Amino acid sequence: MMAQNNVSKIFEEIKLSPDFERALLNPTLEDLITDANKGNKESATQLLTIMAYYLNPKRAELDNPTSHEIPRALKEYLHTAFEKMIAEKSADTAFNFKKHGRHNHGLLKRRLGAYLVYLAITEGQCKLNPAISQATAHLHEQAHHGLLRGPWQCFEKNKLPEEKTLRNWYYEQREYLERLLQLHP
């Protein structure tokens with residue numbers, strides 16, 4: 001029980017450095033494209049939103065763009081989607097809105113869930129299974145009491161992850177988190 005209280009305290013005191021938070025919460029275009037190509041509808045929607053921004057004819061009036069050039073990765077994604085449509089695939093299929101094996105949760109939610117497990121392991125000195133159990137319990141308790149704030153509110157909108165889901169997210173995101181924490185300790 002002592003370890004669980006210790007981990008709960010760590011979760012309550014989560015304060016991300018601005019650089020780490022920015023890197024964790026703002027995936028790169030390449031991250032979004034990879035995730036969309038794996039079938040994540042949320043990432044595909046974010047890509048379309050970014051493309052709409054770049055293609056907006058009134059963009060110069062909306063902001064002060066540092067570049068009017070569409071990023072290469074976004075051009076490649078758009079080109080591939082158009083090729084699929086020319087080959088008579090639907091727009092939903094071309095832009096990865098309909099794909100088998102899709103993730104049910106967005107990249108941000110998966111990264112934050114994995115980060116809770118990672119914290120329980122590194123800061124709470126838990127083994128994997130107890131870390132997953134405590135992270136799951138924490139999310140459920142916080143959501144139940146309406147205490148999730150900021151980016152953590154993404155857990156209130158949909159069904160909360162179970163332990164198996166958090167385990168998968170942790171394995172999927174562990175290397176990314178370790179690299180990120182080396183860059184932004």
# chains A, B, ... in the order shown; residues from 1 in each chain; ligands from 1
>>> select_by_dssp(residues="stretch 24-182 of chain A", states="helix (DSSP H, G or I)", output="VMD selection string")
chain A and resid 24 to 25 29 to 37 41 to 55 59 to 62 72 to 86 91 to 94 107 to 122 128 to 144 150 to 157 163 to 182
>>> residues_around(residues="A:Gly113", least_positions_apart="5", cutoff="12 Å", atoms="only C-alpha atoms", output="PDB file with N, CA and C atoms, in the first residue's frame")
ATOM      1  N   PHE A  11       1.878  11.035  -9.296  1.00  0.00           N
ATOM      2  CA  PHE A  11       0.900  11.385 -10.318  1.00  0.00           C
ATOM      3  C   PHE A  11       0.290  12.761 -10.034  1.00  0.00           C
ATOM      4  N   LEU A  24       5.918  16.336 -26.107  1.00  0.00           N
ATOM      5  CA  LEU A  24       4.991  15.240 -25.830  1.00  0.00           C
ATOM      6  C   LEU A  24       3.613  15.519 -26.438  1.00  0.00           C
ATOM      7  N   HIS A 105      -7.714   5.151 -30.030  1.00  0.00           N
ATOM      8  CA  HIS A 105      -7.331   6.331 -29.262  1.00  0.00           C
ATOM      9  C   HIS A 105      -6.269   7.112 -30.023  1.00  0.00           C
ATOM     10  N   GLY A 106      -6.325   8.422 -29.879  1.00  0.00           N
ATOM     11  CA  GLY A 106      -5.371   9.279 -30.563  1.00  0.00           C
ATOM     12  C   GLY A 106      -3.963   9.172 -29.996  1.00  0.00           C
ATOM     13  N   LEU A 107      -3.032   9.693 -30.738  1.00  0.00           N
ATOM     14  CA  LEU A 107      -1.622   9.646 -30.362  1.00  0.00           C
ATOM     15  C   LEU A 107      -1.377  10.346 -29.027  1.00  0.00           C
ATOM     16  N   LEU A 108      -1.985  11.497 -28.808  1.00  0.00           N
ATOM     17  CA  LEU A 108      -1.807  12.229 -27.548  1.00  0.00           C
ATOM     18  C   LEU A 108      -2.252  11.380 -26.362  1.00  0.00           C
ATOM     19  N   TYR A 118       5.152   4.978 -17.341  1.00  0.00           N
ATOM     20  CA  TYR A 118       6.603   5.239 -17.294  1.00  0.00           C
ATOM     21  C   TYR A 118       6.984   5.931 -15.972  1.00  0.00           C
ATOM     22  N   LEU A 119       6.180   6.907 -15.555  1.00  0.00           N
ATOM     23  CA  LEU A 119       6.442   7.599 -14.282  1.00  0.00           C
ATOM     24  C   LEU A 119       6.368   6.647 -13.100  1.00  0.00           C
ATOM     25  N   ALA A 120       5.355   5.779 -13.097  1.00  0.00           N
ATOM     26  CA  ALA A 120       5.207   4.829 -11.989  1.00  0.00           C
ATOM     27  C   ALA A 120       6.411   3.899 -11.917  1.00  0.00           C
ATOM     28  N   ALA A 131       2.707  -0.864 -11.907  1.00  0.00           N
ATOM     29  CA  ALA A 131       2.712   0.479 -12.492  1.00  0.00           C
ATOM     30  C   ALA A 131       1.484   0.671 -13.382  1.00  0.00           C
ATOM     31  N   ILE A 132       1.178  -0.335 -14.177  1.00  0.00           N
ATOM     32  CA  ILE A 132       0.012  -0.271 -15.060  1.00  0.00           C
ATOM     33  C   ILE A 132      -1.271  -0.201 -14.236  1.00  0.00           C
ATOM     34  N   SER A 133      -1.360  -1.020 -13.213  1.00  0.00           N
ATOM     35  CA  SER A 133      -2.555  -1.022 -12.348  1.00  0.00           C
ATOM     36  C   SER A 133      -2.753   0.335 -11.692  1.00  0.00           C
ATOM     37  N   GLN A 134      -1.671   0.914 -11.184  1.00  0.00           N
ATOM     38  CA  GLN A 134      -1.783   2.200 -10.501  1.00  0.00           C
ATOM     39  C   GLN A 134      -2.095   3.334 -11.467  1.00  0.00           C
ATOM     40  N   ALA A 135      -1.507   3.303 -12.651  1.00  0.00           N
ATOM     41  CA  ALA A 135      -1.797   4.337 -13.652  1.00  0.00           C
ATOM     42  C   ALA A 135      -3.264   4.259 -14.075  1.00  0.00           C
ATOM     43  N   THR A 136      -3.762   3.046 -14.280  1.00  0.00           N
ATOM     44  CA  THR A 136      -5.158   2.852 -14.666  1.00  0.00           C
ATOM     45  C   THR A 136      -6.089   3.347 -13.560  1.00  0.00           C
ATOM     46  N   ALA A 137      -5.800   2.959 -12.326  1.00  0.00           N
ATOM     47  CA  ALA A 137      -6.630   3.381 -11.191  1.00  0.00           C
ATOM     48  C   ALA A 137      -6.622   4.905 -11.051  1.00  0.00           C
ATOM     49  N   HIS A 138      -5.461   5.507 -11.237  1.00  0.00           N
ATOM     50  CA  HIS A 138      -5.347   6.964 -11.129  1.00  0.00           C
ATOM     51  C   HIS A 138      -6.215   7.659 -12.180  1.00  0.00           C
ATOM     52  N   LEU A 139      -6.110   7.225 -13.431  1.00  0.00           N
ATOM     53  CA  LEU A 139      -6.914   7.838 -14.488  1.00  0.00           C
ATOM     54  C   LEU A 139      -8.408   7.698 -14.212  1.00  0.00           C
ATOM     55  N   HIS A 140      -8.821   6.520 -13.793  1.00  0.00           N
ATOM     56  CA  HIS A 140     -10.239   6.276 -13.533  1.00  0.00           C
ATOM     57  C   HIS A 140     -10.724   7.142 -12.364  1.00  0.00           C
ATOM     58  N   PRO A 151      -4.219  18.856 -20.959  1.00  0.00           N
ATOM     59  CA  PRO A 151      -4.217  17.774 -21.954  1.00  0.00           C
ATOM     60  C   PRO A 151      -4.781  16.463 -21.423  1.00  0.00           C
ATOM     61  N   TRP A 152      -4.818  16.306 -20.096  1.00  0.00           N
ATOM     62  CA  TRP A 152      -5.324  15.073 -19.497  1.00  0.00           C
ATOM     63  C   TRP A 152      -6.831  14.926 -19.698  1.00  0.00           C
ATOM     64  N   GLN A 153      -7.510  16.002 -20.085  1.00  0.00           N
ATOM     65  CA  GLN A 153      -8.951  15.930 -20.316  1.00  0.00           C
ATOM     66  C   GLN A 153      -9.304  15.025 -21.494  1.00  0.00           C
ATOM     67  N   CYS A 154      -8.331  14.688 -22.319  1.00  0.00           N
ATOM     68  CA  CYS A 154      -8.620  13.782 -23.433  1.00  0.00           C
ATOM     69  C   CYS A 154      -9.131  12.434 -22.921  1.00  0.00           C
ATOM     70  N   PHE A 155      -8.882  12.119 -21.658  1.00  0.00           N
ATOM     71  CA  PHE A 155      -9.349  10.855 -21.090  1.00  0.00           C
ATOM     72  C   PHE A 155     -10.808  10.914 -20.662  1.00  0.00           C
ATOM     73  N   LEU A 160     -12.450   5.193 -20.824  1.00  0.00           N
ATOM     74  CA  LEU A 160     -11.121   5.195 -20.204  1.00  0.00           C
ATOM     75  C   LEU A 160     -10.387   3.888 -20.506  1.00  0.00           C
ATOM     76  N   PRO A 161      -9.072   3.969 -20.641  1.00  0.00           N
ATOM     77  CA  PRO A 161      -8.319   2.752 -20.967  1.00  0.00           C
ATOM     78  C   PRO A 161      -8.268   1.774 -19.799  1.00  0.00           C
ATOM     79  N   GLU A 162      -8.283   0.514 -20.151  1.00  0.00           N
ATOM     80  CA  GLU A 162      -8.100  -0.545 -19.161  1.00  0.00           C
ATOM     81  C   GLU A 162      -6.616  -0.895 -19.098  1.00  0.00           C
ATOM     82  N   GLU A 163      -6.260  -1.784 -18.195  1.00  0.00           N
ATOM     83  CA  GLU A 163      -4.848  -2.129 -18.000  1.00  0.00           C
ATOM     84  C   GLU A 163      -4.201  -2.673 -19.266  1.00  0.00           C
ATOM     85  N   LYS A 164      -4.892  -3.539 -19.978  1.00  0.00           N
ATOM     86  CA  LYS A 164      -4.328  -4.121 -21.198  1.00  0.00           C
ATOM     87  C   LYS A 164      -3.995  -3.022 -22.206  1.00  0.00           C
ATOM     88  N   THR A 165      -4.881  -2.035 -22.315  1.00  0.00           N
ATOM     89  CA  THR A 165      -4.669  -0.928 -23.245  1.00  0.00           C
ATOM     90  C   THR A 165      -3.454  -0.106 -22.837  1.00  0.00           C
ATOM     91  N   LEU A 166      -3.352   0.229 -21.539  1.00  0.00           N
ATOM     92  CA  LEU A 166      -2.190   0.999 -21.065  1.00  0.00           C
ATOM     93  C   LEU A 166      -0.888   0.226 -21.282  1.00  0.00           C
ATOM     94  N   ARG A 167      -0.933  -1.079 -21.107  1.00  0.00           N
ATOM     95  CA  ARG A 167       0.254  -1.905 -21.345  1.00  0.00           C
ATOM     96  C   ARG A 167       0.695  -1.770 -22.809  1.00  0.00           C
ATOM     97  N   ASN A 168      -0.265  -1.881 -23.721  1.00  0.00           N
ATOM     98  CA  ASN A 168       0.049  -1.736 -25.147  1.00  0.00           C
ATOM     99  C   ASN A 168       0.622  -0.355 -25.458  1.00  0.00           C
ATOM    100  N   TRP A 169       0.009   0.676 -24.885  1.00  0.00           N
ATOM    101  CA  TRP A 169       0.503   2.040 -25.115  1.00  0.00           C
ATOM    102  C   TRP A 169       1.915   2.207 -24.588  1.00  0.00           C
ATOM    103  N   TYR A 170       2.173   1.630 -23.419  1.00  0.00           N
ATOM    104  CA  TYR A 170       3.512   1.744 -22.827  1.00  0.00           C
ATOM    105  C   TYR A 170       4.550   1.103 -23.750  1.00  0.00           C
ATOM    106  N   TYR A 171       4.291  -0.090 -24.224  1.00  0.00           N
ATOM    107  CA  TYR A 171       5.235  -0.754 -25.122  1.00  0.00           C
ATOM    108  C   TYR A 171       5.397   0.021 -26.432  1.00  0.00           C
ATOM    109  N   GLU A 172       4.299   0.583 -26.921  1.00  0.00           N
ATOM    110  CA  GLU A 172       4.345   1.346 -28.168  1.00  0.00           C
ATOM    111  C   GLU A 172       5.155   2.637 -28.020  1.00  0.00           C
ATOM    112  N   GLN A 173       5.036   3.306 -26.882  1.00  0.00           N
ATOM    113  CA  GLN A 173       5.609   4.651 -26.706  1.00  0.00           C
ATOM    114  C   GLN A 173       6.875   4.698 -25.859  1.00  0.00           C
ATOM    115  N   ARG A 174       7.279   3.588 -25.267  1.00  0.00           N
ATOM    116  CA  ARG A 174       8.411   3.597 -24.324  1.00  0.00           C
ATOM    117  C   ARG A 174       9.681   4.188 -24.920  1.00  0.00           C
ATOM    118  N   LEU A 177       9.370   7.953 -25.370  1.00  0.00           N
ATOM    119  CA  LEU A 177       9.451   8.660 -24.100  1.00  0.00           C
ATOM    120  C   LEU A 177      10.883   8.723 -23.569  1.00  0.00           C
TER     121      LEU A 177
END
>>> atom_distance(atom1="atom CA of A:Asn129", atom2="atom CA of A:Leu147")
24.6 Å
>>> atom_distance(atom1="atom CA of A:Asn40", atom2="atom CA of A:Asp92")
12.0 Å
>>> residues_around(residues="A:Glu42", least_positions_apart="5", cutoff="12 Å", atoms="only C-alpha atoms", output="ChimeraX atom specification")
/A:32-33,35-37,47-49,95-98,102-110,154
>>> write_last_selection(atoms="C-alpha atoms", output="PDB file, in the first residue's frame")
ATOM      1  CA  LEU A  32       0.938  12.075 -37.330  1.00  0.00           C
ATOM      2  CA  ILE A  33       1.480  10.616 -40.806  1.00  0.00           C
ATOM      3  CA  ASP A  35      -0.066   7.144 -36.985  1.00  0.00           C
ATOM      4  CA  ALA A  36      -2.634   7.970 -39.696  1.00  0.00           C
ATOM      5  CA  ASN A  37      -1.109   5.355 -41.998  1.00  0.00           C
ATOM      6  CA  LEU A  47      -3.429  16.086 -40.905  1.00  0.00           C
ATOM      7  CA  LEU A  48      -6.425  17.306 -42.905  1.00  0.00           C
ATOM      8  CA  THR A  49      -6.763  20.266 -40.537  1.00  0.00           C
ATOM      9  CA  PHE A  95      -6.841   9.612 -46.225  1.00  0.00           C
ATOM     10  CA  ASN A  96      -6.860   6.672 -43.785  1.00  0.00           C
ATOM     11  CA  PHE A  97     -10.292   7.224 -42.287  1.00  0.00           C
ATOM     12  CA  LYS A  98     -11.230   3.617 -43.063  1.00  0.00           C
ATOM     13  CA  ARG A 102      -7.163   1.176 -36.463  1.00  0.00           C
ATOM     14  CA  HIS A 103      -6.252   2.569 -33.068  1.00  0.00           C
ATOM     15  CA  ASN A 104      -9.266   3.585 -31.013  1.00  0.00           C
ATOM     16  CA  HIS A 105      -7.331   6.331 -29.262  1.00  0.00           C
ATOM     17  CA  GLY A 106      -5.371   9.279 -30.563  1.00  0.00           C
ATOM     18  CA  LEU A 107      -1.622   9.646 -30.362  1.00  0.00           C
ATOM     19  CA  LEU A 108      -1.807  12.229 -27.548  1.00  0.00           C
ATOM     20  CA  LYS A 109      -3.940   9.954 -25.373  1.00  0.00           C
ATOM     21  CA  ARG A 110      -1.631   6.989 -26.009  1.00  0.00           C
ATOM     22  CA  CYS A 154      -8.620  13.782 -23.433  1.00  0.00           C
TER      23      CYS A 154
END
>>> closest_residue(among="A:Ala81, A:Glu178, A:Ala87, A:Glu69", to="A:Ala114", atoms="only C-alpha atoms")
A:Glu178
>>> atom_distance(atom1="atom CA of A:Gly39", atom2="atom CA of A:Ala94")
10.9 Å
>>> residues_around(residues="A:Leu25", least_positions_apart="2", cutoff="9 Å", atoms="only C-alpha atoms", output="list in words")
Phe20, Glu21, Arg22, Ala23, Pro27, Leu107, Leu108, Arg111, Leu112 and Pro151 of chain A
>>> closest_residue(among="A:Met85, A:Leu116, A:Ala143, A:Met51", to="A:Ile70", atoms="only C-alpha atoms")
A:Met51
